[in-house]
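Colleague: Structure in C-alpha cells, see below.
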Amino acid sequence: MEQTQASAPGKIILFGEHAVVYGQPAIAAPVTQVRATVTIANSEPAGVRLIAPDLGKAYWLTEAQEHDPLARAVRLVEEATGSTLSQMTVTVRSTIPIASGLGSGAATAAALIRALTRHLSRQDLASDEQVCALAYEVEKIHHGTPSGIDNTVVAYEQPVYFVRQEPKNLIEPFAIAAPLHLLIADTGVRSATRHVVGDVRRQWQAERARFEEMFAACGRIAQAARTALEAGDVIQLGTLMDENQRWLEAMTVSSAELEKLIATARTAGALGAKLSGAGRGGNMIALVTPETQTSVRQALIKAGAFDVFASTVE
Ligand code: PMV
C-alpha cells in the first residue's frame, strides 16, 4: 500500500503574542518534542476517510461538519491541485496538547497539507512557503483573525521573527547564538484563542490609544529580544520575558494560575518567565539554565503545574 507521512512540531511564542495581531513584530520557536503526524494511504473504497485515533474519530470527508479543520485542509489541497480526491485514508496523530497555546491546530494542518501534497507528487505545493499559506487558511477556523505566526513557525520549523503586514508577511527564520533552555508548564486550564483574541479586540476598540501603546511596547521587546537571541544574551532575554509578561497582564490575558507558575519559576531561579500564546490558561514558559532546570521544574510541579516539559530551542 502506497503511504506518505509528514509531521510538524508544536510551537511556543517567545515574544509578542497578541501585539502581533496588530502588526507588531513577534518571535516564535518550534517545540520539536511534541508533533502532529499525518499519514496518507491509498485505500479501496471511494471517498476520503479521515481518522484521528487519539480523539476516537473516524468519518468521511463528505460527512464532515462545516468547520472541520481536517476537512478544510483536504479541500484546500483539492482546490490547489485542481483534483477531487478519493480512495484515500488520512490518519492524524498528535502528541501536542490541544487548546493550550502549543499550536496543535496549526501543526496538524501543516502536517496534513505537506503529507497530502507530497502524496500527490506536488512538491511545488509542499514547500515551507506553500504549506504555510494553506495552513493559514485552516487557522482561520480556530482563530477568527489569526496573525499567521503559528502556521509560519510550524511550517518552517525554525525560530522566526514575524511581522503581519500587507501585501506579504515578513517572515525571517533566524539562528539563535546559544541554545535556550526552556521549561514549558501547563496550567491545566483550557483556553480558546479565538475568545481571548476577540476580547483583546473589544478592549482595543474601546481604548485604542492605550492598547496601541502596549502593543508597540511589546513590539520593541520583540526587536530587542531578537538582538539578544542573536547575541546569546540569556540574561537580557530573561529580563525581556518578564517585561513582556507585565504588558500581557495589562492587556488582561494573564490569569491567577499563570501568574502563580510564573512567580514560582522566578523564585526558583528562572532567568525570566511569561505566558505563551493566547493566555488566560494554557502554558507558561520559563527560561532556565542546565544548572537551574531541575530545581525550577520541581518547584513548578509542587506549585500545581499540570505538566512540565523541557524544550531546548537551538
Ligand atoms: O495559538 P495560541 O494560543 O498560541 O495564540 C496565538 C497567538 C496570538 O497572538 C494570541 C494570536 C495570533 O493569531 O497571533
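In the C-alpha cells, each chain is lettered A, B, ... as it comes, each chain's residues begin at 1, and ligands are numbered from 1 in order of appearance.
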When you look at segment 161-169 of chain A with a cut-off of 9 Å (counting only C-alpha atoms), what residues show up, excluding the ones that are within fewer than 4 positions of it in the same chain? I need them as a compact mmCIF listing (two decimals) with all heavy atoms, in the first residue's frame.
Modeller:
# COMPACT_ATOMS: atom_id res chain seq x y z
N VAL A 20 1.15 40.97 17.96
CA VAL A 20 1.45 40.53 16.59
C VAL A 20 0.21 40.61 15.69
O VAL A 20 0.32 40.85 14.49
CB VAL A 20 2.05 39.08 16.60
CG1 VAL A 20 1.03 38.04 17.04
CG2 VAL A 20 2.63 38.71 15.25
N VAL A 21 -0.96 40.46 16.28
CA VAL A 21 -2.21 40.56 15.51
C VAL A 21 -2.36 41.98 14.95
O VAL A 21 -2.98 42.19 13.92
CB VAL A 21 -3.42 40.18 16.41
CG1 VAL A 21 -4.75 40.37 15.69
CG2 VAL A 21 -3.29 38.74 16.93
N TYR A 22 -1.77 42.96 15.64
CA TYR A 22 -1.90 44.38 15.28
C TYR A 22 -0.65 44.91 14.56
O TYR A 22 -0.37 46.10 14.58
CB TYR A 22 -2.21 45.20 16.54
CG TYR A 22 -3.52 44.74 17.15
CD1 TYR A 22 -3.56 43.63 18.00
CD2 TYR A 22 -4.72 45.35 16.80
CE1 TYR A 22 -4.76 43.16 18.51
CE2 TYR A 22 -5.93 44.88 17.30
CZ TYR A 22 -5.94 43.78 18.15
OH TYR A 22 -7.14 43.31 18.63
N GLY A 23 0.12 43.98 13.97
CA GLY A 23 1.23 44.40 13.11
C GLY A 23 2.56 44.60 13.81
O GLY A 23 3.52 45.08 13.19
N GLN A 24 2.65 44.23 15.08
CA GLN A 24 3.93 44.36 15.78
C GLN A 24 4.76 43.09 15.57
O GLN A 24 4.20 42.01 15.42
CB GLN A 24 3.70 44.58 17.28
CG GLN A 24 3.02 45.90 17.59
CD GLN A 24 3.90 47.10 17.27
OE1 GLN A 24 5.13 46.99 17.19
NE2 GLN A 24 3.27 48.24 17.06
N PRO A 25 6.10 43.20 15.60
CA PRO A 25 6.91 42.00 15.45
C PRO A 25 6.76 41.04 16.63
O PRO A 25 6.50 41.48 17.76
CB PRO A 25 8.35 42.53 15.39
CG PRO A 25 8.30 43.95 15.80
CD PRO A 25 6.90 44.44 15.68
N ALA A 26 6.92 39.76 16.34
CA ALA A 26 6.86 38.74 17.38
C ALA A 26 7.85 37.64 17.03
O ALA A 26 8.29 37.54 15.88
CB ALA A 26 5.45 38.16 17.48
N ILE A 27 8.21 36.85 18.02
CA ILE A 27 9.16 35.74 17.80
C ILE A 27 8.55 34.45 18.31
O ILE A 27 8.06 34.39 19.43
CB ILE A 27 10.50 36.01 18.53
CG1 ILE A 27 11.16 37.27 17.96
CG2 ILE A 27 11.44 34.81 18.43
CD1 ILE A 27 12.40 37.73 18.69
N ALA A 28 8.59 33.43 17.47
CA ALA A 28 8.08 32.11 17.86
C ALA A 28 9.16 31.07 17.57
O ALA A 28 10.04 31.29 16.73
CB ALA A 28 6.82 31.78 17.09
N SER A 147 -2.89 35.94 13.29
CA SER A 147 -1.80 36.77 12.77
C SER A 147 -1.03 36.02 11.69
O SER A 147 -0.44 36.62 10.81
CB SER A 147 -0.84 37.14 13.89
OG SER A 147 -0.22 35.97 14.40
N GLY A 148 -1.01 34.68 11.80
CA GLY A 148 -0.23 33.88 10.86
C GLY A 148 1.07 33.36 11.45
O GLY A 148 1.79 32.61 10.81
N ILE A 149 1.38 33.74 12.68
CA ILE A 149 2.67 33.33 13.25
C ILE A 149 2.71 31.83 13.55
O ILE A 149 3.74 31.18 13.37
CB ILE A 149 3.03 34.18 14.49
CG1 ILE A 149 4.50 33.94 14.89
CG2 ILE A 149 2.09 33.92 15.67
CD1 ILE A 149 5.05 34.92 15.92
N THR A 152 3.24 29.76 10.46
CA THR A 152 4.57 30.06 9.91
C THR A 152 5.65 29.26 10.65
O THR A 152 6.46 28.57 10.04
CB THR A 152 4.87 31.57 10.02
OG1 THR A 152 3.88 32.27 9.28
CG2 THR A 152 6.25 31.89 9.45
N VAL A 153 5.64 29.32 11.97
CA VAL A 153 6.73 28.65 12.71
C VAL A 153 6.65 27.13 12.57
O VAL A 153 7.68 26.47 12.47
CB VAL A 153 6.77 29.12 14.20
CG1 VAL A 153 5.56 28.67 14.97
CG2 VAL A 153 8.04 28.62 14.87
N PRO A 173 13.25 33.52 9.30
CA PRO A 173 13.84 32.48 10.13
C PRO A 173 15.24 32.94 10.53
O PRO A 173 15.93 33.56 9.71
CB PRO A 173 13.90 31.27 9.20
CG PRO A 173 12.98 31.58 8.06
CD PRO A 173 13.01 33.07 7.92
N PHE A 174 15.64 32.74 11.76
CA PHE A 174 16.97 33.21 12.15
C PHE A 174 17.64 32.25 13.11
O PHE A 174 16.99 31.39 13.70
CB PHE A 174 16.90 34.64 12.74
CG PHE A 174 16.21 34.74 14.07
CD1 PHE A 174 16.95 34.80 15.25
CD2 PHE A 174 14.84 34.78 14.14
CE1 PHE A 174 16.31 34.89 16.48
CE2 PHE A 174 14.19 34.87 15.37
CZ PHE A 174 14.93 34.93 16.54
N ALA A 222 10.14 42.58 21.38
CA ALA A 222 10.45 41.51 20.41
C ALA A 222 11.71 41.87 19.60
O ALA A 222 12.56 41.00 19.34
CB ALA A 222 9.26 41.25 19.50
N GLN A 223 11.82 43.14 19.24
CA GLN A 223 13.02 43.57 18.48
C GLN A 223 14.28 43.40 19.32
O GLN A 223 15.29 42.87 18.86
CB GLN A 223 12.88 45.03 18.06
CG GLN A 223 12.11 45.19 16.78
CD GLN A 223 11.73 46.64 16.51
OE1 GLN A 223 11.78 47.49 17.40
NE2 GLN A 223 11.33 46.90 15.30
N ARG A 226 15.23 39.78 19.66
CA ARG A 226 15.93 39.20 18.51
C ARG A 226 17.43 39.48 18.60
O ARG A 226 18.25 38.58 18.38
CB ARG A 226 15.37 39.76 17.21
CG ARG A 226 16.16 39.21 16.05
CD ARG A 226 15.49 39.40 14.76
NE ARG A 226 16.35 38.88 13.71
CZ ARG A 226 16.04 38.95 12.44
NH1 ARG A 226 14.91 39.50 12.07
NH2 ARG A 226 16.85 38.46 11.54
Colleague: Looking only at alpha helix (DSSP H) from DSSP on the backbone, list the matching residues of segment 41-248 of chain A as a ChimeraX atom specification.
Modeller: /A:69-81,104-119,128-143,149-156,193-206,208-231,234-248
Colleague: Find the residues near Ala19 of chain A: any atom within 7 Å, counting only C-alpha atoms, skip ones fewer than 5 places away on the same chain, and give them as a PyMOL selection string.
Modeller: chain A and resi 24+215+218-219
Colleague: Can you tell me, as a short mmCIF file (atom, residue, chain, number, x, y, z; two decimals) with N, CA, C and O atoms, in the first residue's frame, what residues are no more than 8 Å from Ser7 of chain A when counting only C-alpha atoms, ignoring any on the same chain fewer than 3 positions away?
Modeller:
data_model
loop_
_atom_site.label_atom_id
_atom_site.label_comp_id
_atom_site.auth_asym_id
_atom_site.auth_seq_id
_atom_site.Cartn_x
_atom_site.Cartn_y
_atom_site.Cartn_z
N ARG A 35 4.70 16.60 18.44
CA ARG A 35 4.49 16.72 17.00
C ARG A 35 3.11 16.21 16.57
O ARG A 35 2.53 15.36 17.22
N ALA A 36 2.65 16.73 15.46
CA ALA A 36 1.48 16.17 14.77
C ALA A 36 2.02 15.42 13.56
O ALA A 36 2.89 15.92 12.86
N THR A 37 1.52 14.20 13.37
CA THR A 37 1.98 13.37 12.26
C THR A 37 0.77 12.92 11.44
O THR A 37 -0.23 12.48 12.02
N VAL A 38 0.87 13.07 10.14
CA VAL A 38 -0.25 12.67 9.28
C VAL A 38 0.24 11.65 8.26
O VAL A 38 1.29 11.82 7.64
N ALA A 107 -0.10 22.82 13.58
CA ALA A 107 0.80 21.71 13.26
C ALA A 107 0.04 20.60 12.52
O ALA A 107 0.56 20.02 11.56
N THR A 108 -1.17 20.31 12.96
CA THR A 108 -1.97 19.29 12.29
C THR A 108 -2.24 19.70 10.84
O THR A 108 -2.07 18.90 9.91
N ALA A 110 -0.51 21.81 8.97
CA ALA A 110 0.73 21.82 8.18
C ALA A 110 1.15 20.40 7.82
O ALA A 110 1.54 20.13 6.68
N ALA A 111 1.05 19.47 8.78
CA ALA A 111 1.45 18.08 8.51
C ALA A 111 0.54 17.46 7.46
O ALA A 111 1.00 16.76 6.54
N LEU A 112 -0.77 17.74 7.57
CA LEU A 112 -1.72 17.17 6.62
C LEU A 112 -1.46 17.70 5.21
O LEU A 112 -1.40 16.94 4.23
N ARG A 114 1.28 19.01 4.00
CA ARG A 114 2.58 18.54 3.49
C ARG A 114 2.47 17.08 3.04
O ARG A 114 2.94 16.72 1.95
N ALA A 115 1.83 16.25 3.85
CA ALA A 115 1.73 14.82 3.51
C ALA A 115 0.91 14.63 2.23
O ALA A 115 1.29 13.87 1.33
#
Colleague: Choose the residue, out of A:Thr4, A:Asn244, A:Glu79, A:Ala206, that has the smallest atom-to-atom separation from Ser121 of chain A; count only C-alpha atoms.
Modeller: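 Closest to Ser121 of chain A, using only C-alpha atoms: A:Thr4.
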Colleague: Give me, as a ChimeraX atom specification, all polymer residues having an atom no more than 9 Å from Ala177 of chain A, counting only C-alpha atoms and skipping those fewer than 6 positions away in the same chain.
Modeller: /A:228-233,314
Colleague: Need the shell around segment 91-93 of chain A: protein/DNA/RNA residues with any atom at most 7 Å away, counting only C-alpha atoms. Skip same-chain ones fewer than 5 positions apart. Format as number ranges by chain?
Modeller: A: 36-40, 50-54
Colleague: Which residue is closest to ligand 1? Choose from A:Thr239, A:Ser86, A:Gln5, A:Ser276 and count only C-alpha atoms and all ligand atoms.
Modeller: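 The answer is A:Ser276, which sits nearest to ligand 1.
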Colleague: Find the residues around Gln298 of chain A up to 12 Å (only C-alpha atoms counted), leave out those fewer than 6 positions away in its own chain, and share them as a PyMOL selection string.
Modeller: chain A and resi 183+185+261+264-265+268-269+292+304-305+307-310
Colleague: What does the file look like for those residues with all heavy atoms, as an mmCIF file, in the first residue's frame?
Modeller:
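Saved the output as again09.cif:
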data_model
loop_
_atom_site.group_PDB
_atom_site.id
_atom_site.type_symbol
_atom_site.label_atom_id
_atom_site.label_comp_id
_atom_site.auth_asym_id
_atom_site.auth_seq_id
_atom_site.Cartn_x
_atom_site.Cartn_y
_atom_site.Cartn_z
ATOM 1 N N LEU A 183 11.536 25.709 30.140
ATOM 2 C CA LEU A 183 10.565 24.785 30.708
ATOM 3 C C LEU A 183 9.202 25.292 30.268
ATOM 4 O O LEU A 183 8.944 26.499 30.303
ATOM 5 C CB LEU A 183 10.656 24.770 32.234
ATOM 6 C CG LEU A 183 11.915 24.113 32.802
ATOM 7 C CD1 LEU A 183 11.988 24.328 34.302
ATOM 8 C CD2 LEU A 183 11.941 22.617 32.482
ATOM 9 N N ALA A 185 5.325 24.878 31.105
ATOM 10 C CA ALA A 185 4.442 24.331 32.141
ATOM 11 C C ALA A 185 2.994 24.660 31.817
ATOM 12 O O ALA A 185 2.650 25.804 31.509
ATOM 13 C CB ALA A 185 4.816 24.895 33.510
ATOM 14 N N LEU A 261 2.472 30.181 38.550
ATOM 15 C CA LEU A 261 3.585 29.413 37.986
ATOM 16 C C LEU A 261 4.751 30.327 37.601
ATOM 17 O O LEU A 261 5.918 29.974 37.790
ATOM 18 C CB LEU A 261 3.119 28.586 36.781
ATOM 19 C CG LEU A 261 2.071 27.501 37.062
ATOM 20 C CD1 LEU A 261 1.742 26.742 35.781
ATOM 21 C CD2 LEU A 261 2.534 26.526 38.141
ATOM 22 N N THR A 264 6.536 31.357 40.756
ATOM 23 C CA THR A 264 7.250 30.191 41.282
ATOM 24 C C THR A 264 8.554 29.967 40.527
ATOM 25 O O THR A 264 9.609 29.744 41.121
ATOM 26 C CB THR A 264 6.353 28.922 41.155
ATOM 27 O OG1 THR A 264 5.168 29.148 41.907
ATOM 28 C CG2 THR A 264 7.054 27.680 41.656
ATOM 29 N N ALA A 265 8.473 30.034 39.202
ATOM 30 C CA ALA A 265 9.669 29.807 38.373
ATOM 31 C C ALA A 265 10.735 30.849 38.687
ATOM 32 O O ALA A 265 11.918 30.510 38.852
ATOM 33 C CB ALA A 265 9.290 29.855 36.895
ATOM 34 N N ALA A 268 12.361 30.237 41.996
ATOM 35 C CA ALA A 268 13.207 29.040 41.985
ATOM 36 C C ALA A 268 14.460 29.224 41.123
ATOM 37 O O ALA A 268 15.240 28.290 40.968
ATOM 38 C CB ALA A 268 12.390 27.841 41.499
ATOM 39 N N GLY A 269 14.628 30.411 40.542
ATOM 40 C CA GLY A 269 15.884 30.683 39.835
ATOM 41 C C GLY A 269 15.798 30.865 38.339
ATOM 42 O O GLY A 269 16.836 30.999 37.673
ATOM 43 N N THR A 292 19.864 25.269 36.706
ATOM 44 C CA THR A 292 18.637 25.544 37.466
ATOM 45 C C THR A 292 17.434 24.731 36.982
ATOM 46 O O THR A 292 16.381 24.737 37.620
ATOM 47 C CB THR A 292 18.262 27.050 37.379
ATOM 48 O OG1 THR A 292 18.097 27.400 35.992
ATOM 49 C CG2 THR A 292 19.321 27.930 38.020
ATOM 50 N N GLY A 304 1.716 23.074 41.395
ATOM 51 C CA GLY A 304 0.460 22.619 40.791
ATOM 52 C C GLY A 304 0.444 22.600 39.274
ATOM 53 O O GLY A 304 -0.627 22.454 38.680
ATOM 54 N N ALA A 305 1.616 22.737 38.637
ATOM 55 C CA ALA A 305 1.617 22.662 37.170
ATOM 56 C C ALA A 305 1.094 21.299 36.745
ATOM 57 O O ALA A 305 1.439 20.275 37.332
ATOM 58 C CB ALA A 305 3.014 22.895 36.611
ATOM 59 N N ASP A 307 1.532 19.840 33.847
ATOM 60 C CA ASP A 307 2.521 19.098 33.081
ATOM 61 C C ASP A 307 3.703 20.051 32.863
ATOM 62 O O ASP A 307 3.493 21.230 32.612
ATOM 63 C CB ASP A 307 1.900 18.728 31.722
ATOM 64 C CG ASP A 307 2.714 17.665 30.995
ATOM 65 O OD1 ASP A 307 3.582 17.056 31.640
ATOM 66 O OD2 ASP A 307 2.477 17.467 29.796
ATOM 67 N N VAL A 308 4.913 19.557 33.006
ATOM 68 C CA VAL A 308 6.078 20.415 32.751
ATOM 69 C C VAL A 308 7.028 19.648 31.850
ATOM 70 O O VAL A 308 7.370 18.506 32.147
ATOM 71 C CB VAL A 308 6.844 20.748 34.061
ATOM 72 C CG1 VAL A 308 7.991 21.728 33.773
ATOM 73 C CG2 VAL A 308 5.920 21.307 35.123
ATOM 74 N N PHE A 309 7.430 20.255 30.734
ATOM 75 C CA PHE A 309 8.490 19.587 29.978
ATOM 76 C C PHE A 309 9.553 20.568 29.533
ATOM 77 O O PHE A 309 9.315 21.770 29.416
ATOM 78 C CB PHE A 309 7.972 18.691 28.858
ATOM 79 C CG PHE A 309 7.254 19.369 27.742
ATOM 80 C CD1 PHE A 309 7.934 19.764 26.615
ATOM 81 C CD2 PHE A 309 5.881 19.567 27.812
ATOM 82 C CE1 PHE A 309 7.262 20.357 25.571
ATOM 83 C CE2 PHE A 309 5.201 20.174 26.763
ATOM 84 C CZ PHE A 309 5.894 20.570 25.645
ATOM 85 N N ALA A 310 10.733 20.005 29.346
ATOM 86 C CA ALA A 310 11.884 20.839 28.978
ATOM 87 C C ALA A 310 11.993 20.862 27.454
ATOM 88 O O ALA A 310 11.763 19.849 26.791
ATOM 89 C CB ALA A 310 13.145 20.246 29.585
#
Colleague: Rank A:His67, A:Gln87, A:Val197, A:Ile13 by their smallest atom-to-atom distance to Val48 of chain A, using only C-alpha atoms, and report the top residue only.
Modeller: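 Between A:His67, A:Gln87, A:Val197, A:Ile13, the residue approaching Val48 of chain A most closely is A:Gln87.
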Colleague: A:Met88, A:Leu275, A:Val234, A:Ala224: which is nearest ligand 1, counting only C-alpha atoms and all ligand atoms?
Modeller: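 Smallest separation from ligand 1 among the options: A:Leu275.
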Colleague: Which residue is closest to Ile262 of chain A? Choose from A:Leu116, A:Val196, A:Ile184, A:Ala209 and count only C-alpha atoms.
Modeller: A:Ile184
Colleague: I need the residue nearest ligand 1 from this list: A:Ile141, A:Leu120, A:Val253, A:Ala278. Use only C-alpha atoms and all ligand atoms for the distance.
Modeller: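 Nearest candidate to ligand 1 out of A:Ile141, A:Leu120, A:Val253, A:Ala278: A:Ala278.
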Colleague: For a test of reading the model, state the distance in Å between atom CA of Leu55 of chain A and atom CA of Ala71 of chain A, rounded to one decimal.
Modeller: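 Atom CA of Ala71 of chain A lies at a distance of 15.3 Å from atom CA of Leu55 of chain A.
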